[in-house]
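These notes are about the structure you will find just below.
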Amino acid sequence: MRPVGIIGTGKYVPEKVLTNADLEKMVETSDEWIVSRTGIRERHIAAPDQATSDLAYEAAVQALASANLAAEDLDLIVVATVTPDMSFPSTACILQDKLGAKKAAAFDLSAACSGFVYGLASATSFIQTGMYNNALVIGADTLSRITDYTDRNTCVLFGDGAGAVILGEVPEGRGFKSFDLGAEGTGGSLLKIEGGGSRLPASQASIEAKKHFIQMNGREVFKFAVRVMGTATDDVLNKAGITKEDIDLFIPHQANIRIIQSAMERLNLPEEKCVINVDKYANTSAASIPLALVEAAEQGRMKEGDTVVMVGFGGGLTWGASVLVW
Ligand code: ACO
């Protein structure tokens, strides 16, 4: 099989910043509570005229430039998101049009915060088999549109953003070494949006009952997250035939600093081997891991040959992990 890796990166967050102090004016909360329980200090919020494809577009343009490719060179576009512009056409098709990526197949992928890693695994398989050469994989979410800003249990946790990578053939020895994807549908009710689908279409009643906002059982999701961050990391390292001592950079889903710290303790990883930006962006769902990855790349934190481990978890419930040699 052809070795497949990341040959271009890009990211985008909207300009507007919503700080913990701003949230103190909106709900009964405090900067102290938010920082101590989550590690979040601020998050970026999309402008009223920005939808997920707009965020994705900005990240995609950067990624194409960094890969030295034109949009016409893309064979595939995968957008991982739980906040598509609309039910259909897919955000990937909207983006394909905006980019002018006329030759690219395009689809959305729904795996919540694990979506980016699911997207990497899917696109890698297409390229490994020789079906495609260049794929754009984006994690993009506009969670502010599905967040109830009167619910202090959830509104402090989320932000908006997009991260993009171009996947293509890389020299032997580099690229993705293993993936571990999983799902635990029994836990689906712990994190959900009930309204707007075929089970509960939008209606006056569904709006009044706030069924179009995120509902979450924070404590149970927390327990799930700590558990699968451990098991998914073990599994993906085993599949790659390496140990935790081989990790050069660990990129966890940025949901809560306490979940990240528990993973670092379990892996015995020093802070300099872990990417943390939850303080600046909060939980941006599918955008979280690519935003962290791209920021780490921009800061020169990966050098050729480094072993990079990404691990995410989210609604579904789902998880996804990968081992990548940079
Ligand atoms: N400000 C002040 N108090 C608050 C706030 C707030 N913003 N939010 C909740 N509280 C209160 C609660 O009402 C509760 O009060 P009570 O004891 O009187 O009932 C108290 O704080 C403690 O609540 P806990 O649930 O015990 O707080 P916990 O320490 O578990 O932290 C949190 C809550 C941050 C939500 C945590 O459970 C968590 O991070 N869970 C994981 C969430 C997550 O990762 N979700 C995203 C998954 S990815 C995806 O797919 C989108």
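So you can find residues: chains in the structure tokens are A, B, ... in the order shown, residues in each start at 1, and ligands are numbered from 1 in order.
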How would you report the residues lying within 7 Å of ligand 1, as an MDAnalysis selection string, if you count only C-alpha atoms and all ligand atoms?
chainID A and resid 28:30 33:34 37:38 112:113 152:154 156 191 218:219 221:222 225 255:256 283 285 313:315
Residue list (helix (DSSP H, G or I), DSSP) for stretch 18-223 of chain A, as number ranges by chain
A: 20-24, 31-38, 52-67, 71-73, 91-99, 112-128, 143-146, 152-155, 185-190, 204-208, 218-223
Ranking A:Thr9, A:Leu200, A:Arg2, A:Leu95 by minimum distance to A:Ser125 and counting only C-alpha atoms, which one comes first?
A:Arg2
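Distances here use only C-alpha atoms; by that measure, the residue among A:Gln50, A:Asn217, A:Ser36, A:Ser322 closest to A:Met229 is A:Ser322.
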Can you check which parts of stretch 132-203 of chain A lie within 12 Å of stretch 301-310 of chain A? Per residue, the shortest pair of atoms and distance in Å to one decimal, counting only C-alpha atoms, sorted by chain and number, as a Markdown table.
```
| residue | atom | partner | partner_atom | distance |
| --- | --- | --- | --- | --- |
| A:Val170 | CA | A:Glu304 | CA | 11.5 |
| A:Pro171 | CA | A:Gly305 | CA | 10.8 |
| A:Glu172 | CA | A:Gly305 | CA | 10.9 |
| A:Gly173 | CA | A:Gly305 | CA | 8.1 |
| A:Arg174 | CA | A:Gly305 | CA | 6.7 |
| A:Gly175 | CA | A:Gly305 | CA | 9.1 |
| A:Phe176 | CA | A:Val308 | CA | 9.3 |
| A:Lys177 | CA | A:Thr307 | CA | 9.5 |
| A:Ser178 | CA | A:Val309 | CA | 9.7 |
| A:Phe179 | CA | A:Met310 | CA | 9.5 |
| A:Asp180 | CA | A:Met310 | CA | 10.3 |
| A:Leu181 | CA | A:Met310 | CA | 11.6 |
```
Contact residues around A:Lys103 with only C-alpha atoms at 12 Å, ignoring same-chain residues under 4 positions, as an NGL selection string
:A and (70-77 or 93 or 96-97 or 99 or 132-135)
Could you save those same residues with C-alpha atoms as a PDB file, in the first residue's frame?
```pdb
ATOM      1  CA  ALA A  70      -4.685  23.981  -6.903  1.00  0.00           C
ATOM      2  CA  ALA A  71      -8.305  23.170  -6.067  1.00  0.00           C
ATOM      3  CA  GLU A  72      -8.546  21.271  -9.377  1.00  0.00           C
ATOM      4  CA  ASP A  73      -5.905  18.856  -8.078  1.00  0.00           C
ATOM      5  CA  LEU A  74      -8.261  17.539  -5.383  1.00  0.00           C
ATOM      6  CA  ASP A  75      -9.875  14.129  -5.947  1.00  0.00           C
ATOM      7  CA  LEU A  76     -11.826  14.037  -2.702  1.00  0.00           C
ATOM      8  CA  ILE A  77     -13.246  16.416  -0.094  1.00  0.00           C
ATOM      9  CA  CYS A  93     -20.413  19.916  -1.871  1.00  0.00           C
ATOM     10  CA  GLN A  96     -16.337  22.006  -3.519  1.00  0.00           C
ATOM     11  CA  ASP A  97     -18.253  24.705  -5.389  1.00  0.00           C
ATOM     12  CA  LEU A  99     -13.166  26.207  -4.045  1.00  0.00           C
ATOM     13  CA  TYR A 132      -7.522   8.850  -5.335  1.00  0.00           C
ATOM     14  CA  ASN A 133      -4.303  10.855  -5.052  1.00  0.00           C
ATOM     15  CA  ASN A 134      -5.086  14.090  -3.199  1.00  0.00           C
ATOM     16  CA  ALA A 135      -7.761  14.485  -0.531  1.00  0.00           C
TER      17      ALA A 135
END
```
Selection near stretch 88-92 of chain A, 10 Å with only C-alpha atoms, sequence-local residues under 4 positions removed, as an MDAnalysis selection string:
chainID A and resid 51:54 56:57 76:81 83:84 96:98 104:109 136:138 140
For A:Gly312: contacts at 9 Å, only C-alpha atoms, fewer than 6 positions along chain excluded, given as a compact mmCIF listing (two decimals) with N, CA and C atoms, in the first residue's frame:
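So the final result, stored in result28.txt, reads:
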```txt
# COMPACT_ATOMS: atom_id res chain seq x y z
N CYS A 113 -17.05 14.97 17.64
CA CYS A 113 -15.67 15.43 17.88
C CYS A 113 -14.64 14.44 17.37
N SER A 114 -15.05 13.19 17.09
CA SER A 114 -14.12 12.22 16.52
C SER A 114 -14.08 12.33 15.00
N GLY A 115 -14.89 13.19 14.43
CA GLY A 115 -15.09 13.23 12.99
C GLY A 115 -13.83 13.45 12.18
N PHE A 116 -12.92 14.27 12.68
CA PHE A 116 -11.71 14.55 11.90
C PHE A 116 -10.87 13.27 11.76
N VAL A 117 -10.73 12.52 12.83
CA VAL A 117 -9.92 11.29 12.75
C VAL A 117 -10.63 10.26 11.88
N ALA A 225 -14.97 9.81 28.27
CA ALA A 225 -13.81 10.43 27.62
C ALA A 225 -12.51 9.94 28.24
N VAL A 228 -11.95 6.19 27.19
CA VAL A 228 -11.55 5.87 25.81
C VAL A 228 -10.27 6.58 25.37
N MET A 229 -9.96 7.71 25.99
CA MET A 229 -8.66 8.33 25.67
C MET A 229 -7.56 7.33 25.98
N ALA A 232 -8.24 3.86 23.54
CA ALA A 232 -7.99 4.12 22.11
C ALA A 232 -6.50 4.36 21.87
N ILE A 251 -1.74 14.75 20.48
CA ILE A 251 -2.74 15.78 20.15
C ILE A 251 -4.12 15.25 20.51
N PRO A 252 -4.58 15.59 21.72
CA PRO A 252 -5.90 15.09 22.15
C PRO A 252 -7.01 16.05 21.73
N HIS A 253 -8.22 15.52 21.67
CA HIS A 253 -9.39 16.38 21.48
C HIS A 253 -9.43 17.40 22.62
N GLN A 254 -9.68 18.66 22.26
CA GLN A 254 -9.62 19.75 23.24
C GLN A 254 -11.03 20.02 23.79
N ALA A 286 -15.42 18.82 15.73
CA ALA A 286 -14.56 18.22 14.70
C ALA A 286 -13.34 19.09 14.38
N SER A 288 -11.47 20.60 16.56
CA SER A 288 -10.56 20.68 17.70
C SER A 288 -9.19 20.06 17.41
N ILE A 289 -9.17 18.81 16.96
CA ILE A 289 -7.87 18.15 16.71
C ILE A 289 -7.13 18.81 15.55
N THR A 318 -18.56 8.15 20.09
CA THR A 318 -17.53 7.71 19.15
C THR A 318 -16.13 8.00 19.70
N TRP A 319 -15.13 7.32 19.14
CA TRP A 319 -13.76 7.72 19.37
C TRP A 319 -12.94 7.43 18.13
N GLY A 320 -11.80 8.09 18.03
CA GLY A 320 -10.92 7.87 16.89
C GLY A 320 -9.50 8.26 17.27
N ALA A 321 -8.55 7.40 16.89
CA ALA A 321 -7.14 7.68 17.20
C ALA A 321 -6.28 7.32 16.00
```
Apply DSSP to the structure's backbone, then extract all residues of stretch 139-307 of chain A labelled strand (DSSP E or B) and return them as a ChimeraX atom specification.
/A:139-142,158,160-169,175-183,191-192,215-216,249-252,274,283,307
For the residues selected in the previous step, produce a file with C-alpha atoms as a short mmCIF file (atom, residue, chain, number, x, y, z; two decimals), in the first residue's frame.
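Generated file (part_5.cif):
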```cif
data_model
loop_
_atom_site.label_atom_id
_atom_site.label_comp_id
_atom_site.auth_asym_id
_atom_site.auth_seq_id
_atom_site.Cartn_x
_atom_site.Cartn_y
_atom_site.Cartn_z
CA GLY A 139 -12.97 19.30 10.63
CA ALA A 140 -15.27 22.32 10.87
CA ASP A 141 -18.01 23.24 13.30
CA THR A 142 -20.08 26.25 14.22
CA PHE A 158 -18.05 25.35 23.03
CA ASP A 160 -16.33 27.70 16.44
CA GLY A 161 -13.48 26.93 14.02
CA ALA A 162 -12.07 24.86 11.18
CA GLY A 163 -8.88 22.91 10.56
CA ALA A 164 -7.88 21.41 7.22
CA VAL A 165 -5.27 19.01 5.91
CA ILE A 166 -4.38 17.74 2.47
CA LEU A 167 -3.55 14.06 2.35
CA GLY A 168 -1.37 12.57 -0.35
CA GLU A 169 1.40 10.07 -0.97
CA GLY A 175 2.59 8.95 7.01
CA PHE A 176 -0.20 7.17 8.89
CA LYS A 177 0.81 3.93 10.62
CA SER A 178 -2.48 2.98 12.27
CA PHE A 179 -6.02 4.06 13.06
CA ASP A 180 -8.40 3.00 15.79
CA LEU A 181 -12.03 4.02 15.26
CA GLY A 182 -14.89 3.00 17.49
CA ALA A 183 -18.44 3.67 18.55
CA LEU A 191 -24.76 13.90 24.04
CA LYS A 192 -27.30 14.82 21.39
CA GLN A 215 -28.07 18.38 25.40
CA MET A 216 -25.32 16.74 27.40
CA LEU A 249 3.69 14.73 20.16
CA PHE A 250 0.26 13.91 21.58
CA ILE A 251 -2.74 15.78 20.15
CA PRO A 252 -5.90 15.09 22.15
CA CYS A 274 1.14 17.48 24.46
CA ASN A 283 -14.33 22.63 22.41
CA THR A 307 5.62 10.22 15.88
#
```
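In this structure, atom CA of A:Ser122 sits 12.3 Å away from atom CA of A:Ser110.
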Point-to-point distance from atom CA of A:Arg266 to atom CA of A:Leu120, Å rounded to tenths:
25.2 Å
Residues within 6 Å of A:Asp148, only C-alpha atoms, excluding chain neighbours under 2 positions, as a PyMOL selection string
chain A and resi 150-151+213
For A:Pro48, please output as a short mmCIF file (atom, residue, chain, number, x, y, z; two decimals) with N, CA and C atoms, in the first residue's frame all residues within 12 Å (counting only C-alpha atoms; exclusion window: fewer than 6 positions along the same chain).
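Resulting contents of selection-v3.cif:
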```
data_model
loop_
_atom_site.label_atom_id
_atom_site.label_comp_id
_atom_site.auth_asym_id
_atom_site.auth_seq_id
_atom_site.Cartn_x
_atom_site.Cartn_y
_atom_site.Cartn_z
N PRO A 14 -13.07 32.28 13.65
CA PRO A 14 -13.70 33.58 13.44
C PRO A 14 -13.07 34.65 14.33
N GLU A 15 -13.23 35.91 13.92
CA GLU A 15 -12.59 37.01 14.65
C GLU A 15 -13.14 37.22 16.05
N LYS A 16 -14.45 37.11 16.17
CA LYS A 16 -15.07 37.47 17.45
C LYS A 16 -14.67 36.52 18.57
N ASP A 54 -18.08 28.43 5.32
CA ASP A 54 -17.24 29.63 5.23
C ASP A 54 -15.97 29.46 6.05
N THR A 142 -19.57 24.95 13.75
CA THR A 142 -20.08 26.25 14.22
C THR A 142 -21.03 25.94 15.38
N SER A 144 -21.64 27.37 18.03
CA SER A 144 -22.41 28.48 18.62
C SER A 144 -23.85 28.47 18.11
N ARG A 145 -24.08 27.88 16.94
CA ARG A 145 -25.44 27.87 16.37
C ARG A 145 -26.34 26.82 17.01
#
```
Given only C-alpha atoms as the basis, pick out the residue of A:Val311, A:Leu324, A:Ile207, A:Ile257 nearest to A:Thr231.
A:Val311
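Taking atom CA of A:Ile214 and atom CA of A:Leu55 as endpoints, the distance between them is 20.4 Å.
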